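Below is one structure, written out as structure tokens; comments come after it.
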Amino acid sequence: MRTMKQIAVVMILLNISYGQFSRSQSVDIDEPHTYTPPRHYFQTSSFDEADLEDDVAKNPLDRGPYFDISASRNVTALVGNTAYLNCRVRNLGNRTVSWIRHRDLHLLTVGKATYTSDQRYQSVHNPQLDDWSLKVLYPQQRDSGVYECQISTTPPVGYSMMLSVVEPITTIIGGPDLYIDSGSTVNLTCIVRHLPEPPPLIQWNHNEEEINYDSPRGGVSVITEKGEITTSYLLIQRARNADSGKYTCLPSTANPMTVHVHVLNGEHPAAIQGTVGLRGSIILTFALLLLIIGLRDTLPVR
């Protein structure tokens, strides 16, 4: 009897040990192995090269291609100056990169090949940086709009960018004619807008000749404030008759603008304008008179 009890106890202990062993094995086998893409996958808010290397080390599986969106989505270019829309693609593999124009869904480039008759559009690949840039030669304002960099995955994934082609605008406040009292200070203010960076130089001319700020005349100076909007002030103290004439503001990277300065010796601008207007009226009347005489001579005599 004692022997039977001992055998029963041994059997119970074996069953308990086997059950614990089975449960420990089932945990290892049934534990789910899920893969979570890193936070940089596709379009994310930032891109960190160190974090990417950590992600690759932790996740050796191929994550597929994705965009590096550290660069700005907005690109501004000047009319006539080559524009570049940069698209950086990681883990491209055997996929291809295409550029599409949104306004008409026109396919512009596939890989390195141009797929449009407009040869101003070109694809530029930099393998060291994984860049696939869309190069636009001689851009015009009509080229402004949304362009999409697209990867040939299934389904395709895209990254949109906005191209703004602008023409710099140069203005002189108060133009095209300024009337200044003799002996007062002439203040010509030239404003340059829509430049991606301030012009390196703004030159002022008087009657087609560059102004010399160190001339014996003295009292002539220029102040330039550079920024998103660049402003240049030409100051001429103690204005005299010789200071009258045409003044031109010439930014090195924008169009010039001209203003005519009239230095008055006690005259009123309205009187000058009235004299000019009267002279124009006399000329117009004389021209009409000649036209009437010419028409009368061509009419048949009855």
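Note on naming: chains are A, B, ... as they come in the structure tokens, residues start from 1 per chain, ligands start from 1 in the order shown.
All residues of protein, DNA or RNA that reach within 12 Å of range 205-217 of chain A, judged by only C-alpha atoms and not counting those fewer than 6 positions away in the chain, are Leu188, Ile223, Leu234, Leu235, Ile236, Gln237, Arg238, Ala239, Arg240, Ala242, Asp243, Ser244, Gly245, Lys246, Tyr247, Thr248, Cys249, Leu250, Pro251, Pro256, Met257, Thr258, Val259, His260 and Val261 of chain A.
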task = Pick out each residue of range 149-237 of chain A that DSSP on the backbone tags as strand (DSSP E); I need them as a ChimeraX atom specification.
result = /A:149-151,157-166,169-172,177-181,186-193,202-206,209-210,220-225,230-236
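Restricting the calculation to only C-alpha atoms, the smallest distance between Asn81 in chain A and any of A:Ala113, A:Ile180, A:Val165, A:Val222 is found for A:Val165.
The closest residue to Glu167 in chain A, picked from A:Gln122, A:Arg101, A:Val79, A:Asn91 and counting only C-alpha atoms, is A:Val79.
Here the question is which of A:Trp132, A:Leu108, A:Thr114, A:Gln119 gets nearest to Asp68 in chain A using only C-alpha atoms, and that residue is A:Trp132.
The shortest atom-to-atom distance to Ile151 in chain A, with only C-alpha atoms taken into account, belongs to A:Pro65 out of A:Gly183, A:Gly219, A:Gly227, A:Pro65.
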